[in-house]
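**Q** Take a look at the following structure, please.
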Amino acid sequence: MLPRELSVAAVLLLCVQSLHGSAFHPVSSHEFTAYRMQQYNLVQQKYGCRGAILGAEARSADEPVLTRRCVIMKVIDFTTEKYLEAQRQNAAAILILLPTNISAVPYDSIQSFMVSESEVLLKEILIPVYVAPEDEKLLIMYEEVKQAAATRTLSIFVRVLRSMVTATAFQMSLSNTAAIKSSTDTTFTTLEGVLPGAEEDAPTIVITAHYDSYGLAPWLSYGADSNGSGVTILLELVRLFQKLFSSPGTKPPFNLMFSLTGGGKYNFLGTKRWIEDNLDHAESSLLHDNVAFVLCLDTLANSDELYMHVSRPPKPDSPIQSFLEQLEEVVSSRFPWVKVGLVHKKINLVESSVAWEHERYSLRRIPSFTLSRLEDPKSELRGSMLDTMSQVDFRKMKRNGIIVAETLARYMYNLSDKGSPKDMQVFKGQLDFHDSRMLSLMSSLTSVPRATQLLDKEPAHILLVNSLEHEFKRYLQQVHRHTFRQDKKDPDITFFDQMNQQIVMYRVKPAAFDLFLGGCIAAYLAIVYYTIQNFDYLYIKLKAAAKYKHE
């Protein structure tokens with residue numbers, strides 16, 4: 001009888017093993033790169049996320065319970081409300097999926113994300129926030145957790161049963177669990193070059209733009225409009241005005257100084273240090289002498305609006321007022337559909353930060369202003385991961401560059417007082433803006449992220465700054481590269497590492513399934529045990545039943 005008992009037990013155990021093996025069939029994991037949200041301290045104020053460690057199950061933002069879960073959102077899902085709800089529920093992390101083709105995202109969704117992005121960057125958050133470019137497996141994961149969230153409309157019993165038996169979960173964990181470390185060795189690099197005027201003591205016009213970018217994740221911030229457009233226009237102005245200055249007959253009675261500054265997205269710290277270096281430490285500098293005005297270029301790649309931002313209203317007959325009049329003349333005669341506005345914002349000395357680059361000069365009593373397509377300095381367009389080439393209108397950027405160039409020419413050559421026609425074109429023919437060059441410059445600028453914390457450390461980013469310096473040396477004289485290091489004992493800004501991480505995603509059955517499977521295994525084992533212990537009794541009963549049925 002023992003062989004029969006063993007054969008029955010073997011069959012039952014094989015059934016259990018089959019169930020167990022089908023439930024835990026191994027699945028491949030997926031490793032991908034994710035980029036952590038900004039984390040920095042600026043003027044004793046903390047910004048960004050303080051956490052980096054991730055080890056949690058993925059959940060859609062639509063789920064009612066997010067505690068200790070990794071909340072998954074697409075760009076089209078992301079809102080400040082969902083972000084704050086995940087924070088309120090003590091979610092383990094937030095993972096935002098960034099589309100590879102930004103141009104395919106609806107305009108309204110882009111604007112909504114940018115607004116939410118700018119809002120969440122204003123404060124710190126303790127939980128880690130990551131951004132990952134979409135790929136096929138991440139999109140499959142997103143759709144599955146989204147579908148799982150949709151089942152919450154079913155009854156509780158059905159939802160629990162479905163979760164126990166059929167559902168799978170996605171576990172997220174970091175490959176690297178090293179602690180976050182602070183860094184105060186950030187450097188700010190400023191490039192400057194000069195086109196000397198026709199007279200020895202000629203007044204100086206400074207044209208400047210900051211070249212760094214900003215967004216939710218530094219490694220994904222390419223800053224096409226803000227401020228790749230300002231840099232592109234400045235470099236094209238360098239080329240065009242170099243041609244005018246190279247001929248004695250067309251050299252104006254002004255010096256033109258060009259500068260590209262770093263740290264613009266962090267309170268214009270590079271500009272601050274460059275001004276201090278020129279005014280407080282240099283024995284001689286064009287900023288010491290007769291400065292007509294400083295023109296700052298910021299965010300000019302779109303829109304039919306152009307604003308001149310000033311810290312104080314320009315006085316009558318002042319260089320800035322004269323420039324404004326020439327600007328309005330150029331626009332009204334050649335681009336009448338473009339709106340020109342003057343925005344006066346007084347500098348609040350109580351605040352520790354400035355809104356525009358020209359305010360750094362105004363604080364040192366240097367006449368200055370900013371030209372931008374944006375009216376509000378707090379616009380979400382000045383710092384977003386979605387600020388890519390797809391958001392640039394090259395036709396309008398070129399037009400804005402022409403407006404700046406023509407206005408400068410009319411001011412420096414005093415064309416209005418000489419009776420020149422209002423619609424006179426200085427920059428045409430060989431002096432025309434080159435579309436191919438502007439496209440090449442913008443493509444180069446957006447080929448790598450230009451976040452300040454990356455520019456002096458990563459080889460590709462260092463190469464980008466070197467290429468900007470090369471552009472200056474092609475056309476300008478007295479080109480200098482200023483590198484400013486922070487005082488480590490009293491730094492202006494502190495950055496943190498662990499900004500790009502490898503995350504491993506793998507499928508798992510939820511914890512409820514383990515309980516369910518454990519119950520099934522226990523039930524099978526109980527049946528096996530009962531059958532073995534009572535085999536004689538069961539055999540007699542089955543034999544009697546079979547005999548009765550036969551009769």
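Ligands are numbered from 1 in the order shown, chains are lettered A, B, ... in the order of the structure tokens, and residues start at 1 in each chain.
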Identify, on the basis of only C-alpha atoms, every residue whose closest approach to Leu234 (chain A) does not exceed 10 Å; exclude the query and any residue fewer than 6 positions from it along the same chain; express the result as a ChimeraX atom specification.

**A** /A:207-209,228,240,258-260,296-297,401,404-405

**Q** Mind writing the picked residues with N, CA, C and O atoms as a PDB file, in the first residue's frame?

**A**
ATOM      1  N   ILE A 207      27.252  94.421 -24.820  1.00  0.00           N
ATOM      2  CA  ILE A 207      26.177  93.495 -25.198  1.00  0.00           C
ATOM      3  C   ILE A 207      26.486  92.162 -24.544  1.00  0.00           C
ATOM      4  O   ILE A 207      27.574  91.601 -24.731  1.00  0.00           O
ATOM      5  N   THR A 208      25.555  91.657 -23.782  1.00  0.00           N
ATOM      6  CA  THR A 208      25.825  90.454 -22.989  1.00  0.00           C
ATOM      7  C   THR A 208      24.644  89.498 -23.004  1.00  0.00           C
ATOM      8  O   THR A 208      23.505  89.892 -23.270  1.00  0.00           O
ATOM      9  N   ALA A 209      24.927  88.245 -22.716  1.00  0.00           N
ATOM     10  CA  ALA A 209      23.893  87.208 -22.572  1.00  0.00           C
ATOM     11  C   ALA A 209      24.461  86.113 -21.682  1.00  0.00           C
ATOM     12  O   ALA A 209      25.661  85.834 -21.724  1.00  0.00           O
ATOM     13  N   GLY A 228      19.580  80.073 -25.110  1.00  0.00           N
ATOM     14  CA  GLY A 228      20.312  79.802 -26.337  1.00  0.00           C
ATOM     15  C   GLY A 228      20.036  80.841 -27.397  1.00  0.00           C
ATOM     16  O   GLY A 228      20.922  81.168 -28.208  1.00  0.00           O
ATOM     17  N   LEU A 240      28.666  90.239 -37.536  1.00  0.00           N
ATOM     18  CA  LEU A 240      28.235  91.325 -38.414  1.00  0.00           C
ATOM     19  C   LEU A 240      28.934  92.642 -38.077  1.00  0.00           C
ATOM     20  O   LEU A 240      29.404  93.360 -38.976  1.00  0.00           O
ATOM     21  N   PHE A 258      31.500  92.635 -25.963  1.00  0.00           N
ATOM     22  CA  PHE A 258      30.584  91.499 -25.891  1.00  0.00           C
ATOM     23  C   PHE A 258      31.000  90.599 -24.737  1.00  0.00           C
ATOM     24  O   PHE A 258      32.193  90.379 -24.515  1.00  0.00           O
ATOM     25  N   SER A 259      30.013  90.063 -24.038  1.00  0.00           N
ATOM     26  CA  SER A 259      30.328  89.123 -22.954  1.00  0.00           C
ATOM     27  C   SER A 259      29.281  88.019 -22.894  1.00  0.00           C
ATOM     28  O   SER A 259      28.095  88.255 -23.146  1.00  0.00           O
ATOM     29  N   LEU A 260      29.761  86.828 -22.593  1.00  0.00           N
ATOM     30  CA  LEU A 260      28.901  85.677 -22.330  1.00  0.00           C
ATOM     31  C   LEU A 260      29.179  85.238 -20.900  1.00  0.00           C
ATOM     32  O   LEU A 260      30.326  84.957 -20.549  1.00  0.00           O
ATOM     33  N   CYS A 296      21.380  93.589 -22.392  1.00  0.00           N
ATOM     34  CA  CYS A 296      21.330  92.166 -22.053  1.00  0.00           C
ATOM     35  C   CYS A 296      20.276  91.480 -22.924  1.00  0.00           C
ATOM     36  O   CYS A 296      19.138  91.951 -23.010  1.00  0.00           O
ATOM     37  N   LEU A 297      20.651  90.384 -23.550  1.00  0.00           N
ATOM     38  CA  LEU A 297      19.750  89.637 -24.430  1.00  0.00           C
ATOM     39  C   LEU A 297      19.259  88.401 -23.700  1.00  0.00           C
ATOM     40  O   LEU A 297      20.060  87.600 -23.202  1.00  0.00           O
ATOM     41  N   GLY A 401      16.792  89.368 -33.949  1.00  0.00           N
ATOM     42  CA  GLY A 401      18.196  89.706 -34.099  1.00  0.00           C
ATOM     43  C   GLY A 401      18.398  90.890 -35.034  1.00  0.00           C
ATOM     44  O   GLY A 401      19.224  91.773 -34.765  1.00  0.00           O
ATOM     45  N   VAL A 404      17.496  94.137 -33.207  1.00  0.00           N
ATOM     46  CA  VAL A 404      18.566  94.574 -32.298  1.00  0.00           C
ATOM     47  C   VAL A 404      19.719  95.171 -33.096  1.00  0.00           C
ATOM     48  O   VAL A 404      20.253  96.244 -32.756  1.00  0.00           O
ATOM     49  N   ALA A 405      20.134  94.497 -34.183  1.00  0.00           N
ATOM     50  CA  ALA A 405      21.261  94.965 -34.976  1.00  0.00           C
ATOM     51  C   ALA A 405      20.974  96.318 -35.625  1.00  0.00           C
ATOM     52  O   ALA A 405      21.811  97.235 -35.578  1.00  0.00           O
TER      53      ALA A 405
END

**Q** Hey, which bits of region 193-223 of chain A sit within 10 Å of region 35-42 of chain A, and for each residue what's the closest pair of atoms and how far apart in Å (one decimal), counting only C-alpha atoms, rows by chain and increasing number, as CSV?

**A**
residue,atom,partner,partner_atom,distance
A:Tyr214,CA,A:Gln38,CA,9.0
A:Gly215,CA,A:Gln38,CA,7.7
A:Leu216,CA,A:Met37,CA,5.4
A:Ala217,CA,A:Met37,CA,4.5
A:Pro218,CA,A:Gln38,CA,6.3
A:Trp219,CA,A:Tyr35,CA,6.4
A:Leu220,CA,A:Tyr35,CA,7.6

**Q** One number please: CA of Phe170 (chain A) to CA of Arg50 (chain A), in Å, one decimal.

**A**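 Distance between the two atoms: 24.1 Å.
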